[in-house]
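> See protein-v3.cif below, with mmCIF, N, CA and C atoms.
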data_query
#
loop_
_atom_site.label_atom_id
_atom_site.label_comp_id
_atom_site.auth_asym_id
_atom_site.auth_seq_id
_atom_site.Cartn_x
_atom_site.Cartn_y
_atom_site.Cartn_z
N MET A 1 -1.57 -7.18 9.82
CA MET A 1 -1.87 -8.23 8.87
C MET A 1 -0.88 -9.38 8.99
N GLU A 2 0.35 -9.09 9.34
CA GLU A 2 1.36 -10.13 9.45
C GLU A 2 1.34 -10.82 10.81
N ASP A 3 0.44 -10.40 11.68
CA ASP A 3 0.38 -10.97 13.02
C ASP A 3 -0.21 -12.36 13.06
N GLY A 4 -0.90 -12.74 12.02
CA GLY A 4 -1.49 -14.07 12.02
C GLY A 4 -2.53 -14.24 10.94
N GLU A 5 -2.99 -15.45 10.80
CA GLU A 5 -3.98 -15.77 9.78
C GLU A 5 -5.30 -15.04 9.99
N ARG A 6 -5.68 -14.81 11.24
CA ARG A 6 -6.94 -14.10 11.51
C ARG A 6 -6.90 -12.70 10.90
N GLU A 7 -5.79 -12.00 11.08
CA GLU A 7 -5.66 -10.64 10.55
C GLU A 7 -5.63 -10.66 9.02
N ALA A 8 -4.89 -11.60 8.44
CA ALA A 8 -4.83 -11.70 6.98
C ALA A 8 -6.21 -12.05 6.42
N SER A 9 -6.95 -12.90 7.12
CA SER A 9 -8.29 -13.26 6.69
C SER A 9 -9.21 -12.04 6.70
N PHE A 10 -9.06 -11.21 7.70
CA PHE A 10 -9.85 -9.98 7.77
C PHE A 10 -9.56 -9.09 6.57
N VAL A 11 -8.30 -8.94 6.22
CA VAL A 11 -7.93 -8.10 5.07
C VAL A 11 -8.50 -8.69 3.79
N ARG A 12 -8.38 -9.99 3.60
CA ARG A 12 -8.95 -10.62 2.41
C ARG A 12 -10.47 -10.41 2.34
N THR A 13 -11.13 -10.49 3.47
CA THR A 13 -12.59 -10.29 3.52
C THR A 13 -12.95 -8.86 3.13
N MET A 14 -12.21 -7.89 3.65
CA MET A 14 -12.48 -6.48 3.32
C MET A 14 -12.26 -6.22 1.83
N LEU A 15 -11.21 -6.79 1.27
CA LEU A 15 -10.95 -6.63 -0.16
C LEU A 15 -12.05 -7.27 -0.99
N SER A 16 -12.50 -8.44 -0.58
CA SER A 16 -13.58 -9.12 -1.29
C SER A 16 -14.87 -8.32 -1.23
N LEU A 17 -15.19 -7.79 -0.07
CA LEU A 17 -16.39 -6.97 0.09
C LEU A 17 -16.31 -5.73 -0.80
N ALA A 18 -15.16 -5.06 -0.79
CA ALA A 18 -14.99 -3.86 -1.61
C ALA A 18 -15.17 -4.19 -3.09
N ARG A 19 -14.56 -5.29 -3.54
CA ARG A 19 -14.71 -5.68 -4.95
C ARG A 19 -16.17 -5.96 -5.29
N SER A 20 -16.88 -6.62 -4.38
CA SER A 20 -18.26 -7.01 -4.66
C SER A 20 -19.19 -5.82 -4.79
N ILE A 21 -18.85 -4.70 -4.16
CA ILE A 21 -19.71 -3.51 -4.28
C ILE A 21 -19.07 -2.42 -5.15
N GLY A 22 -17.95 -2.75 -5.79
CA GLY A 22 -17.34 -1.84 -6.74
C GLY A 22 -16.60 -0.67 -6.12
N VAL A 23 -16.04 -0.86 -4.93
CA VAL A 23 -15.31 0.20 -4.25
C VAL A 23 -13.81 -0.04 -4.38
N GLU A 24 -13.07 0.99 -4.75
CA GLU A 24 -11.61 0.87 -4.80
C GLU A 24 -11.04 0.94 -3.39
N VAL A 25 -10.08 0.10 -3.11
CA VAL A 25 -9.46 0.03 -1.80
C VAL A 25 -8.08 0.67 -1.84
N VAL A 26 -7.78 1.48 -0.84
CA VAL A 26 -6.44 2.02 -0.65
C VAL A 26 -5.96 1.50 0.70
N ALA A 27 -4.97 0.62 0.67
CA ALA A 27 -4.42 0.09 1.91
C ALA A 27 -3.58 1.17 2.58
N GLU A 28 -3.81 1.37 3.86
CA GLU A 28 -3.08 2.40 4.60
C GLU A 28 -2.13 1.76 5.59
N GLY A 29 -1.04 2.45 5.84
CA GLY A 29 -0.10 2.01 6.87
C GLY A 29 0.86 0.93 6.42
N ILE A 30 1.13 0.83 5.12
CA ILE A 30 2.10 -0.16 4.64
C ILE A 30 3.49 0.29 5.07
N GLU A 31 4.14 -0.53 5.87
CA GLU A 31 5.46 -0.17 6.39
C GLU A 31 6.57 -1.08 5.89
N ARG A 32 6.23 -2.26 5.40
CA ARG A 32 7.25 -3.22 4.99
C ARG A 32 6.93 -3.79 3.61
N ASP A 33 8.00 -4.19 2.91
CA ASP A 33 7.84 -4.79 1.60
C ASP A 33 6.96 -6.04 1.67
N THR A 34 7.09 -6.81 2.73
CA THR A 34 6.28 -8.03 2.85
C THR A 34 4.79 -7.71 2.89
N GLN A 35 4.43 -6.59 3.49
CA GLN A 35 3.02 -6.18 3.52
C GLN A 35 2.55 -5.80 2.12
N GLN A 36 3.38 -5.06 1.40
CA GLN A 36 3.02 -4.67 0.04
C GLN A 36 2.85 -5.90 -0.84
N VAL A 37 3.77 -6.85 -0.74
CA VAL A 37 3.69 -8.07 -1.54
C VAL A 37 2.41 -8.84 -1.21
N ALA A 38 2.12 -9.01 0.07
CA ALA A 38 0.92 -9.75 0.47
C ALA A 38 -0.34 -9.06 -0.05
N LEU A 39 -0.41 -7.74 0.07
CA LEU A 39 -1.59 -7.01 -0.41
C LEU A 39 -1.73 -7.13 -1.92
N THR A 40 -0.62 -7.04 -2.63
CA THR A 40 -0.66 -7.19 -4.09
C THR A 40 -1.17 -8.57 -4.47
N MET A 41 -0.69 -9.60 -3.76
CA MET A 41 -1.15 -10.96 -4.04
C MET A 41 -2.63 -11.14 -3.74
N MET A 42 -3.15 -10.33 -2.82
CA MET A 42 -4.58 -10.37 -2.49
C MET A 42 -5.42 -9.54 -3.46
N GLY A 43 -4.75 -8.81 -4.35
CA GLY A 43 -5.46 -8.02 -5.35
C GLY A 43 -5.59 -6.55 -5.02
N CYS A 44 -4.93 -6.09 -3.98
CA CYS A 44 -4.97 -4.67 -3.62
C CYS A 44 -3.80 -3.98 -4.32
N GLN A 45 -4.12 -3.09 -5.23
CA GLN A 45 -3.09 -2.46 -6.06
C GLN A 45 -2.72 -1.04 -5.63
N THR A 46 -3.41 -0.50 -4.64
CA THR A 46 -3.16 0.88 -4.23
C THR A 46 -2.92 0.93 -2.73
N GLY A 47 -1.88 1.65 -2.33
CA GLY A 47 -1.59 1.75 -0.91
C GLY A 47 -0.71 2.93 -0.59
N GLN A 48 -0.58 3.19 0.69
CA GLN A 48 0.27 4.28 1.15
C GLN A 48 0.87 3.87 2.48
N GLY A 49 1.95 4.52 2.82
CA GLY A 49 2.58 4.24 4.10
C GLY A 49 4.07 4.54 4.07
N PHE A 50 4.72 4.36 5.20
CA PHE A 50 6.14 4.65 5.34
C PHE A 50 7.00 3.80 4.41
N HIS A 51 6.50 2.66 3.95
CA HIS A 51 7.25 1.83 3.01
C HIS A 51 7.57 2.62 1.74
N PHE A 52 6.68 3.51 1.37
CA PHE A 52 6.84 4.29 0.15
C PHE A 52 7.49 5.64 0.42
N SER A 53 7.08 6.29 1.51
CA SER A 53 7.61 7.62 1.83
C SER A 53 7.12 8.06 3.19
N ARG A 54 7.92 8.84 3.85
CA ARG A 54 7.46 9.56 5.04
C ARG A 54 6.52 10.66 4.55
N PRO A 55 5.72 11.27 5.41
CA PRO A 55 4.83 12.34 4.98
C PRO A 55 5.58 13.45 4.24
N VAL A 56 4.93 13.97 3.20
CA VAL A 56 5.50 15.03 2.38
C VAL A 56 4.53 16.20 2.39
N ALA A 57 5.04 17.40 2.62
CA ALA A 57 4.19 18.59 2.60
C ALA A 57 3.57 18.76 1.21
N GLY A 58 2.34 19.23 1.17
CA GLY A 58 1.66 19.42 -0.10
C GLY A 58 2.45 20.24 -1.09
N SER A 59 3.13 21.25 -0.59
CA SER A 59 3.92 22.12 -1.47
C SER A 59 5.14 21.42 -2.04
N ALA A 60 5.51 20.26 -1.50
CA ALA A 60 6.71 19.55 -1.96
C ALA A 60 6.40 18.31 -2.78
N VAL A 61 5.13 18.01 -2.97
CA VAL A 61 4.76 16.77 -3.66
C VAL A 61 5.25 16.74 -5.10
N ASP A 62 5.08 17.83 -5.84
CA ASP A 62 5.52 17.85 -7.23
C ASP A 62 7.01 17.55 -7.35
N ALA A 63 7.82 18.16 -6.51
CA ALA A 63 9.27 17.92 -6.53
C ALA A 63 9.58 16.48 -6.14
N TRP A 64 8.86 15.95 -5.17
CA TRP A 64 9.08 14.57 -4.72
C TRP A 64 8.78 13.59 -5.85
N LEU A 65 7.64 13.81 -6.54
CA LEU A 65 7.29 12.94 -7.66
C LEU A 65 8.29 13.06 -8.80
N ALA A 66 8.72 14.27 -9.09
CA ALA A 66 9.70 14.47 -10.16
C ALA A 66 11.01 13.75 -9.86
N GLU A 67 11.44 13.79 -8.60
CA GLU A 67 12.68 13.11 -8.22
C GLU A 67 12.53 11.60 -8.36
N ARG A 68 11.40 11.06 -7.95
CA ARG A 68 11.18 9.61 -8.10
C ARG A 68 11.19 9.22 -9.57
N GLU A 69 10.59 10.03 -10.41
CA GLU A 69 10.59 9.75 -11.85
C GLU A 69 12.00 9.83 -12.41
N ARG A 70 12.77 10.83 -11.95
CA ARG A 70 14.13 11.03 -12.44
C ARG A 70 15.01 9.82 -12.16
N VAL A 71 14.87 9.23 -10.98
CA VAL A 71 15.71 8.09 -10.61
C VAL A 71 15.09 6.75 -11.00
N GLY A 72 13.91 6.79 -11.60
CA GLY A 72 13.30 5.57 -12.12
C GLY A 72 12.57 4.73 -11.10
N VAL A 73 12.07 5.34 -10.03
CA VAL A 73 11.29 4.60 -9.02
C VAL A 73 9.87 4.49 -9.55
N THR A 74 9.35 3.25 -9.54
CA THR A 74 7.99 3.03 -10.01
C THR A 74 7.02 2.99 -8.86
N ALA A 75 5.75 2.95 -9.16
CA ALA A 75 4.72 2.93 -8.12
C ALA A 75 4.79 1.68 -7.27
N ASP A 76 5.35 0.61 -7.80
CA ASP A 76 5.42 -0.63 -7.02
C ASP A 76 6.78 -0.85 -6.38
N GLY A 77 7.51 0.20 -6.16
CA GLY A 77 8.77 0.01 -5.44
C GLY A 77 9.72 1.10 -5.71
#
Go ahead and express the file in the form of structure tokens.


Amino acid sequence: MEDGEREASFVRTMLSLARSIGVEVVAEGIERDTQQVALTMMGCQTGQGFHFSRPVAGSAVDAWLAERERVGVTADG
């Protein structure tokens, strides 16, 4: 998405299409804060990727979430 206006335009188009048909979008592969900020500005509120966390085993998710809550990490950072 950060490679140029063509890529950003594609993302905006996909978000617009999803909104028009009532589909929630989950952005995948967010690796940098700048990507998260750009997606948020485009109206995409849900995402996943290395920016937030490396993969976590299913059995460890509850502990991972509890630790984030304990230290006050919110969903947007």

> Enumerate, as a PyMOL selection string, the residues matched when the PyMOL selection byres (((chain A and resi 24-26 and name CA) around 8) and name CA) is run on the file above.

chain A and resi 15+18-19+22-23+27-28+44-48

> Generate a file of the selected residues that holds N, CA and C atoms, formatted as a compact mmCIF listing (two decimals), keeping the file's coordinate frame.


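What landed in out-v3.txt:
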# COMPACT_ATOMS: atom_id res chain seq x y z
N LEU A 15 -11.21 -6.79 1.27
CA LEU A 15 -10.95 -6.63 -0.16
C LEU A 15 -12.05 -7.27 -0.99
N ALA A 18 -15.16 -5.06 -0.79
CA ALA A 18 -14.99 -3.86 -1.61
C ALA A 18 -15.17 -4.19 -3.09
N ARG A 19 -14.56 -5.29 -3.54
CA ARG A 19 -14.71 -5.68 -4.95
C ARG A 19 -16.17 -5.96 -5.29
N GLY A 22 -17.95 -2.75 -5.79
CA GLY A 22 -17.34 -1.84 -6.74
C GLY A 22 -16.60 -0.67 -6.12
N VAL A 23 -16.04 -0.86 -4.93
CA VAL A 23 -15.31 0.20 -4.25
C VAL A 23 -13.81 -0.04 -4.38
N ALA A 27 -4.97 0.62 0.67
CA ALA A 27 -4.42 0.09 1.91
C ALA A 27 -3.58 1.17 2.58
N GLU A 28 -3.81 1.37 3.86
CA GLU A 28 -3.08 2.40 4.60
C GLU A 28 -2.13 1.76 5.59
N CYS A 44 -4.93 -6.09 -3.98
CA CYS A 44 -4.97 -4.67 -3.62
C CYS A 44 -3.80 -3.98 -4.32
N GLN A 45 -4.12 -3.09 -5.23
CA GLN A 45 -3.09 -2.46 -6.06
C GLN A 45 -2.72 -1.04 -5.63
N THR A 46 -3.41 -0.50 -4.64
CA THR A 46 -3.16 0.88 -4.23
C THR A 46 -2.92 0.93 -2.73
N GLY A 47 -1.88 1.65 -2.33
CA GLY A 47 -1.59 1.75 -0.91
C GLY A 47 -0.71 2.93 -0.59
N GLN A 48 -0.58 3.19 0.69
CA GLN A 48 0.27 4.28 1.15
C GLN A 48 0.87 3.87 2.48

> What's the separation between atom N of Gly29 (chain A) and atom N of Phe50 (chain A), in Å to one decimal place?

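Between atom N of Gly29 (chain A) and atom N of Phe50 (chain A) the gap is 6.1 Å.
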
> So what does the PyMOL selection byres (((chain A and resi 33 and name CA) around 12) and name CA) actually pick up in this one, as number ranges by chain?

A: 2, 29-32, 34-40, 47-52, 76-77

> So which residues of chain A fall under alpha helix (DSSP H) by DSSP, listed as a ChimeraX atom specification?

/A:5-20,33-41,61-71

> Quick one: distance from CA of Met42 (chain A) to CA of Arg12 (chain A) in Å, one decimal?

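Separation between CA of Met42 (chain A) and CA of Arg12 (chain A): 6.6 Å.
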
> Take every atom of region 39-51 of chain A listed in the file, fit an axis-aligned box around them, add 6 Å per side, and give the centre and edge lengths in Å to one decimal as AutoDock Vina command-line options.


--center_x 1.0 --center_y -3.2 --center_z -0.4 --size_x 25.2 --size_y 27.8 --size_z 23.4

> Separation of atom N of Val56 (chain A) and atom C of Val71 (chain A), in Å?

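Going from atom N of Val56 (chain A) over to atom C of Val71 (chain A) covers 18.9 Å.
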